[in-house]
Structures are given as structure tokens and as C-alpha cells.
Amino acid sequence: MKPLSRRAALTLGGLGVAGTVIGGAGLLWSRQTDTFVDHGETSGLLPGYVDGESLRQPPELGSTDGLLEVNLDAAPGSAEIGGRTVTVLAYNEGLPGPTLRLRPGDRVRVRLRNGLDDPTNLHVHGLHVSPEGNSDNPFVMIEPGATFDYDYRLPPDHPPGLFWYHPHHHGLVADQIFGGLYGAIVIDDVEPLPVARERVLVISDITPDGAGGVASASPAERMRGREGRLVLVNGQLKPNIGIRPGERERWRIVNACVSRYLRLGLDGQGMQLLGLDSGRFEVPRDVEEVLLAPGNRADLLVTAATIDTGSTTSSPLRALPYNRGSVGMGGMMGGSTLSTQAVDLATVTVSGEPEPAASAVPRQPAPRDLRGVAVTARRKLAFAMGMGMGGGGGMSFTINGETFDGDRVDTTVQTGSVEEWLLTNSSMMDHPVHLHVWPMQLIEENGRAAQTAQWQDVVNVPAGGTARVRIAFDDFPGRTVYHCHILDHEDVGMMGVIEARGGAAPGAG
């Protein structure tokens, strides 16, 4: 299958028909004549590793009477990956960590113990909670051997959906997530959807170093964003997913990769997209592929093919090639970041007695739409890469010409306001942009207007392109961050500080 280009898909007006590709910015398009260099980074199976175990679900911790209390231990540990033992970083000795299952209005208390050799902290990615104090505060630093008590309070109207948690200590984010520190968060629907079962699929990548540990990244890998040689689903290599003919399952998929885009395809089985990130469509949309930038999540309905009784068929769940650009310099500085081969993530095996057709999914509430709302301020955030003294091997990674400084506030907004941000990308690589606390409504990408209200907390900004979003800063005063979710880029400076304040509206920057 040929690599998909970012301009190969139809406009957003085509969403909802079979064949649609829905990406990290709601739509996917690219250069018609992409070229690439194969650096051998695409994982197939490394020698000596085996696959094919049945898919395991991470352990689940659920709230009771509106409260979930969790002890998380971040520490090195042994994981069995493809029949080999690898020393990884893990939460509670799991790869991934436990899934936290919540309901709107819940209170979540997490005692995080740092058993690592470096400082760490915790970010609850996508949750709409306070950025202050012991809540989703990216400026907390937990020293090795120390503990910290987090306390999150979900609003009663918090949207259902799939979220995740991971470290966010600046400079160490990519290393710690690549090492294995990540886990899913599920906020349940008020009314369960009619499915045979639900699965959480946390997709990550990793490179064993040959000495029983995880390989460190070279300067060139940090510059372009590292991609692991092994791609895992719930810490497993190409597990098997068994399903009965005609059966419908709900798959909640997290892209927990540091830099890898996941262009997901599942030939031979039916796929319907319920939503991306915390956004939800009114009705499921038939899709053939779904693109997830790093940090994005997909809520999918998968319906198995109907086959004859006694027969068995199988289909690979694949990550298809995607060109996220290059760092330029004629290939001297790391070349293309295109994964040149499809990666088989899992095998879906259909067998057994056929199931009757599932009932229709109830229509979901219409998402909030800011396109007709008065805008308080308009801003431009320019994401750029260039030669300089930054931490990316001699290159600088900047937003509006600045690298990250935790003591500087780059953007000040007013609580209760609605702002429109133009995200521009002058580099030759895609940059997926993540804003903590407040989700973004995609308005347009590369000048093409969105036809529906689509909410995401990671919006892809194509190489040399733009994305326009609107954000409702309804509540939660405090200080947090926005950044590129190619986490190596974040660590070398492509991050800014935002502070929400009450009172008079600030000037737009």
C-alpha cells in the first residue's frame, strides 16, 4: 500500500462516508509527490522476538461512590516483550499502567511514588481539570524517592471518553514515556453503548538496547522525533484479538508513542468512529482508516465480518506508512521521518458461531460549536525549527521565536473568554499541538474549513501549513502549558506557558 499524503484525502465535508481518513487535525493531506529515505527505523519484528499471544487488558481501577484512590509507583521493572525480558520503566510494574475508570463528577486521588533515578511528575492528558496546586500541574517536580499526592476533581459535566496519563517533567518526558510510563483513563458514558465487549488498546513503541534495557535516543533521533523498533499493543507484540462473526466491539485506542503517527487500517472488518480525543460525533462515522498523531485517541466500533459457520478468517490491524516530513538539510540531519513499511500491530481472528446484528447506537448530544460565537481575542502561535543553540543537536525548536522557559508566561487569557488561535508551522515536519486543560475546536486546516464541530486536545499542524482553532476558557484559572506532542521536540524547547486569569480581558499576543 502506498504512503498516504496529507492532501490525498477529501475535505471535511466528506466525513461520514466509507473511505474517510480522519486525522490528528480532523483531516489528512500532504504533498502529492512525497519522497522518503529508508533509515531502517520501521519496526518489523526484531530477531529473536515472538508474537501472537492473546491480547491482554491492563488491570483496571474504578471509582466507588464518586471517589478513586490510587497508589502509582513509577519505577524500573522487568517486562516480557515478545518472549524476551526487557528492563523498562513502569507504573505499578505494568506495561501499560492500570486503566483508571471514572465517571463525570468523580474525585481522583493519586499518590505517586518516584522510584526512578530522575525527577518525574504526572499529567492527566485531556482531562478538563484545574492546572493548579495538586491537580494537573505540569510544574510539580517529584524528586527520586519522594511521593506526591495529586487530587483531581472532575466537573459533573465532564465529557465521557478516552484519556491517558504520563510523566511531564520538562526535559525527561520523551525518555520516560518511551521507557514505558503511560496508562489509559476512561470516563464512562452515562448510558452504555450496545457492544459485545470493550477493549482498551494502548499503542506504544520501544527500542530494546541489546543489553536488556531500553535504548537511548541519538541527537539525530531527538531532532526528528524517535520511533521505536518495536510497536506494542498493551505491551505485547502483535497480539491476537478473537471475535465472533458479526460481533461488534468498542475499541478505545491511545497513541502513546513519543513521535510515531498511527495511520490505522483494518481490512475486512467494519470500522465506525465514535470520536477523537474527548470529542464525540452525533452518529458513528464509517471509516476505512484513522490517523492518530502522538497523543491522539480514537473511540472505534469494530464489527467482525460475517462468515460461514465453522470457518475462520483473520485480518491484521496495521499502522500504515505516513510521511510526517523531514528536518531538511538534504537528509544530512536525519532525513525523512517516513515509516516506509506497514507495521502489523495485532491480528483479528474471526471464528465461532455468528452473532445477531447489534442494535443501533443511540444518537449522541450535538457537540458545542464555537463557530458562531463572538471571539474575545485572536492569536498566532508560530511553530518553527532552525539552526541555533537549542537542545536538539544544534537546532532550535521554538514557538513565536522562543524556547521554553517555565518562569516566563507566554500567553495570558481571560477565564470566560473564547479565543481563536492560528497555529502556523514553517518547518518541514508536522507538529501535533497539545493544549492542557482546555480542548480545541478545529475551525480549519490549511485554509479548508471544517464542516462539523470537531473537538480535540491534540491538533496536527502539517509541515509548512496551518490550523485554526477556537478555545473556550470557561473556567479553571491557573498556569499550564501548550506544546508540540512530538515529545522530543517538547523536551528541547517547543513548549509555551499559558496563564488563565479572571478580570479584564488581556491583549492578544
# chains A, B, ... in the order shown; residues from 1 in each chain; ligands from 1
call {"tool": "select_by_dssp", "arguments": {"residues": "range 356-394 of chain A", "states": "strand (DSSP E or B)", "output": "VMD selection string"}}
result
chain A and resid 377 to 387
call {"tool": "write_last_selection", "arguments": {"atoms": "C-alpha atoms", "output": "PDB file, in the first residue's frame"}}
result
ATOM      1  CA  ALA A 377      -9.036  37.617  21.119  1.00  0.00           C
ATOM      2  CA  ARG A 378      -7.137  36.246  18.145  1.00  0.00           C
ATOM      3  CA  ARG A 379      -3.589  34.989  18.397  1.00  0.00           C
ATOM      4  CA  LYS A 380      -0.910  33.451  16.219  1.00  0.00           C
ATOM      5  CA  LEU A 381       1.384  30.727  17.503  1.00  0.00           C
ATOM      6  CA  ALA A 382       4.274  30.107  15.094  1.00  0.00           C
ATOM      7  CA  PHE A 383       5.993  26.720  15.433  1.00  0.00           C
ATOM      8  CA  ALA A 384       9.453  26.744  13.867  1.00  0.00           C
ATOM      9  CA  MET A 385      12.708  24.816  13.634  1.00  0.00           C
ATOM     10  CA  GLY A 386      16.039  26.336  12.744  1.00  0.00           C
ATOM     11  CA  MET A 387      19.739  26.285  13.351  1.00  0.00           C
TER      12      MET A 387
END
call {"tool": "residues_around", "arguments": {"residues": "range 112-125 of chain A", "least_positions_apart": "4", "cutoff": "6 Å", "atoms": "only C-alpha atoms", "output": "ChimeraX atom specification"}}
result
/A:72-75,136,141-148,163-169
call {"tool": "write_last_selection", "arguments": {"atoms": "C-alpha atoms", "output": "short mmCIF file (atom, residue, chain, number, x, y, z; two decimals), in the first residue's frame"}}
result
data_model
loop_
_atom_site.label_atom_id
_atom_site.label_comp_id
_atom_site.auth_asym_id
_atom_site.auth_seq_id
_atom_site.Cartn_x
_atom_site.Cartn_y
_atom_site.Cartn_z
CA LEU A 72 1.07 4.69 41.49
CA ASP A 73 4.67 3.56 41.73
CA ALA A 74 6.88 4.79 38.87
CA ALA A 75 9.97 2.59 38.82
CA ASP A 136 -2.92 18.72 36.68
CA MET A 141 8.67 18.18 40.36
CA ILE A 142 8.92 14.94 42.34
CA GLU A 143 12.49 14.06 43.26
CA PRO A 144 13.74 10.45 43.21
CA GLY A 145 12.49 8.59 46.26
CA ALA A 146 9.80 11.18 47.02
CA THR A 147 6.00 10.92 46.84
CA PHE A 148 3.37 13.46 45.83
CA PHE A 163 -7.84 10.00 28.09
CA TRP A 164 -4.41 8.97 29.40
CA TYR A 165 -1.74 9.74 31.94
CA HIS A 166 2.03 10.05 31.63
CA PRO A 167 5.02 11.99 33.03
CA HIS A 168 5.51 15.65 32.14
CA HIS A 169 8.77 16.79 33.74
#
call {"tool": "atom_distance", "arguments": {"atom1": "CA of Pro155 in chain A", "atom2": "CA of Pro138 in chain A"}}
result
19.8 Å
call {"tool": "closest_residue", "arguments": {"among": "A:Arg263, A:Arg470, A:His489, A:His158", "to": "Leu345 in chain A", "atoms": "only C-alpha atoms"}}
result
A:Arg263
call {"tool": "residues_around", "arguments": {"residues": "Gln269 in chain A", "least_positions_apart": "6", "cutoff": "9 Å", "atoms": "only C-alpha atoms", "output": "list in words"}}
result
Val302, Thr303, Ala304, Ala305, Ser315 and Val348 of chain A
call {"tool": "closest_atom_pairs", "arguments": {"of": "range 287-335 of chain A", "to": "range 421-435 of chain A", "cutoff": "7 Å", "atoms": "only C-alpha atoms", "output": "CSV"}}
result
residue,atom,partner,partner_atom,distance
A:Ala293,CA,A:Pro432,CA,6.4
A:Arg324,CA,A:Asp430,CA,5.2
A:Gly325,CA,A:Met429,CA,4.2
A:Ser326,CA,A:Met429,CA,5.3
A:Val327,CA,A:Met428,CA,6.0
A:Gly328,CA,A:Met428,CA,6.6
call {"tool": "closest_residue", "arguments": {"among": "A:Val497, A:Ile243, A:Leu237, A:Val361", "to": "Gln272 in chain A", "atoms": "only C-alpha atoms"}}
result
A:Val361
call {"tool": "select_by_dssp", "arguments": {"residues": "range 308-492 of chain A", "states": "alpha helix (DSSP H)", "output": "PyMOL selection string"}}
result
chain A and resi 487-491
call {"tool": "residues_around", "arguments": {"residues": "Glu353 in chain A", "least_positions_apart": "2", "cutoff": "9 Å", "atoms": "only C-alpha atoms", "output": "list of chain:residue names"}}
result
A:Arg244, A:Pro245, A:Asp308, A:Thr309, A:Gly310, A:Ser351, A:Glu355
call {"tool": "closest_residue", "arguments": {"among": "A:Val287, A:Leu46, A:Val375, A:Leu201", "to": "Val186 in chain A", "atoms": "only C-alpha atoms"}}
result
A:Leu201
call {"tool": "residues_around", "arguments": {"residues": "Ala174 in chain A", "least_positions_apart": "3", "cutoff": "9 Å", "atoms": "only C-alpha atoms", "output": "number ranges by chain"}}
result
A: 167-168, 171, 177-179, 222, 226, 258-259, 486-491
call {"tool": "write_last_selection", "arguments": {"atoms": "N, CA and C atoms", "output": "JSON list (two decimals), in the first residue's frame"}}
result
[["chain", "number", "residue", "atom", "x", "y", "z"],
["A", 167, "PRO", "N", 4.18, 10.96, 32.41],
["A", 167, "PRO", "CA", 5.02, 11.99, 33.03],
["A", 167, "PRO", "C", 5.07, 13.26, 32.19],
["A", 168, "HIS", "N", 5.42, 14.37, 32.85],
["A", 168, "HIS", "CA", 5.51, 15.65, 32.14],
["A", 168, "HIS", "C", 6.58, 16.56, 32.74],
["A", 171, "GLY", "N", 12.17, 18.07, 29.80],
["A", 171, "GLY", "CA", 13.49, 17.55, 29.53],
["A", 171, "GLY", "C", 13.59, 16.05, 29.63],
["A", 177, "ILE", "N", 8.38, 8.34, 28.85],
["A", 177, "ILE", "CA", 7.27, 7.68, 28.15],
["A", 177, "ILE", "C", 7.79, 6.57, 27.25],
["A", 178, "PHE", "N", 8.89, 6.83, 26.53],
["A", 178, "PHE", "CA", 9.49, 5.81, 25.68],
["A", 178, "PHE", "C", 9.91, 4.60, 26.51],
["A", 179, "GLY", "N", 10.29, 4.85, 27.77],
["A", 179, "GLY", "CA", 10.68, 3.76, 28.65],
["A", 179, "GLY", "C", 9.52, 2.93, 29.15],
["A", 222, "ARG", "N", 16.46, 12.56, 18.39],
["A", 222, "ARG", "CA", 15.73, 13.58, 19.15],
["A", 222, "ARG", "C", 15.29, 14.71, 18.25],
["A", 226, "ARG", "N", 12.06, 10.39, 17.92],
["A", 226, "ARG", "CA", 12.41, 8.97, 17.84],
["A", 226, "ARG", "C", 11.18, 8.10, 17.56],
["A", 258, "VAL", "N", 5.97, 8.26, 21.35],
["A", 258, "VAL", "CA", 6.64, 9.54, 21.54],
["A", 258, "VAL", "C", 6.56, 10.40, 20.29],
["A", 259, "SER", "N", 6.70, 9.80, 19.11],
["A", 259, "SER", "CA", 6.73, 10.57, 17.87],
["A", 259, "SER", "C", 5.98, 9.92, 16.71],
["A", 486, "ILE", "N", 5.28, 15.85, 19.54],
["A", 486, "ILE", "CA", 6.49, 15.08, 19.28],
["A", 486, "ILE", "C", 7.33, 15.35, 20.52],
["A", 487, "LEU", "N", 7.36, 14.42, 21.44],
["A", 487, "LEU", "CA", 7.81, 14.73, 22.79],
["A", 487, "LEU", "C", 9.29, 15.05, 22.87],
["A", 488, "ASP", "N", 10.09, 14.56, 21.92],
["A", 488, "ASP", "CA", 11.47, 15.01, 21.85],
["A", 488, "ASP", "C", 11.54, 16.51, 21.54],
["A", 489, "HIS", "N", 10.63, 17.00, 20.71],
["A", 489, "HIS", "CA", 10.60, 18.43, 20.39],
["A", 489, "HIS", "C", 10.17, 19.25, 21.60],
["A", 490, "GLU", "N", 9.20, 18.74, 22.35],
["A", 490, "GLU", "CA", 8.81, 19.42, 23.59],
["A", 490, "GLU", "C", 10.00, 19.54, 24.53],
["A", 491, "ASP", "N", 10.73, 18.44, 24.69],
["A", 491, "ASP", "CA", 11.84, 18.41, 25.65],
["A", 491, "ASP", "C", 12.96, 19.38, 25.29]]
call {"tool": "residues_around", "arguments": {"residues": "Leu301 in chain A", "least_positions_apart": "5", "cutoff": "8 Å", "atoms": "only C-alpha atoms", "output": "PyMOL selection string"}}
result
chain A and resi 248-251+270-274
call {"tool": "residues_around", "arguments": {"residues": "Val108 in chain A", "least_positions_apart": "5", "cutoff": "10 Å", "atoms": "only C-alpha atoms", "output": "ChimeraX atom specification"}}
result
/A:62-63,66-70,100,102,135,150-154
call {"tool": "write_last_selection", "arguments": {"atoms": "N, CA and C atoms", "output": "short mmCIF file (atom, residue, chain, number, x, y, z; two decimals), in the first residue's frame"}}
result
data_model
loop_
_atom_site.label_atom_id
_atom_site.label_comp_id
_atom_site.auth_asym_id
_atom_site.auth_seq_id
_atom_site.Cartn_x
_atom_site.Cartn_y
_atom_site.Cartn_z
N GLY A 62 -11.37 1.28 39.32
CA GLY A 62 -12.56 2.09 39.13
C GLY A 62 -12.98 2.83 40.37
N SER A 63 -13.67 3.93 40.16
CA SER A 63 -14.15 4.75 41.29
C SER A 63 -15.35 4.07 41.95
N GLY A 66 -18.13 7.89 43.76
CA GLY A 66 -17.57 9.18 43.36
C GLY A 66 -16.12 9.40 43.73
N LEU A 67 -15.41 8.35 44.20
CA LEU A 67 -14.02 8.53 44.61
C LEU A 67 -13.17 7.36 44.11
N LEU A 68 -11.99 7.72 43.59
CA LEU A 68 -10.98 6.72 43.26
C LEU A 68 -9.69 7.12 43.93
N GLU A 69 -9.15 6.23 44.74
CA GLU A 69 -7.86 6.45 45.39
C GLU A 69 -6.87 5.44 44.84
N VAL A 70 -5.75 5.94 44.34
CA VAL A 70 -4.79 5.12 43.61
C VAL A 70 -3.39 5.37 44.14
N LEU A 100 -7.56 3.68 34.59
CA LEU A 100 -8.40 4.33 35.59
C LEU A 100 -9.78 4.55 34.98
N LEU A 102 -13.52 6.07 35.37
CA LEU A 102 -14.16 7.13 36.15
C LEU A 102 -15.52 7.47 35.58
N SER A 135 -3.45 19.43 41.40
CA SER A 135 -4.22 18.89 40.28
C SER A 135 -3.27 18.72 39.09
N TYR A 150 -1.59 13.77 44.36
CA TYR A 150 -2.42 14.50 43.40
C TYR A 150 -3.89 14.38 43.81
N ASP A 151 -4.66 15.41 43.48
CA ASP A 151 -6.09 15.43 43.82
C ASP A 151 -6.83 16.11 42.68
N TYR A 152 -7.54 15.31 41.87
CA TYR A 152 -8.25 15.82 40.71
C TYR A 152 -9.76 15.75 40.97
N ARG A 153 -10.46 16.81 40.59
CA ARG A 153 -11.92 16.84 40.71
C ARG A 153 -12.53 17.08 39.33
N LEU A 154 -13.21 16.05 38.82
CA LEU A 154 -13.83 16.16 37.50
C LEU A 154 -15.13 16.94 37.60
#
call {"tool": "closest_residue", "arguments": {"among": "A:Val409, A:Leu162, A:Val195, A:Ala256", "to": "Tyr182 in chain A", "atoms": "only C-alpha atoms"}}
result
A:Ala256
call {"tool": "closest_residue", "arguments": {"among": "A:Glu198, A:Glu289, A:Glu420, A:Asp475", "to": "Glu444 in chain A", "atoms": "only C-alpha atoms"}}
result
A:Glu420
call {"tool": "closest_residue", "arguments": {"among": "A:Asp175, A:Glu288, A:Asp277, A:Glu282", "to": "Trp455 in chain A", "atoms": "only C-alpha atoms"}}
result
A:Asp277
call {"tool": "atom_distance", "arguments": {"atom1": "CA of Ile81 in chain A", "atom2": "CA of Pro316 in chain A"}}
result
19.3 Å
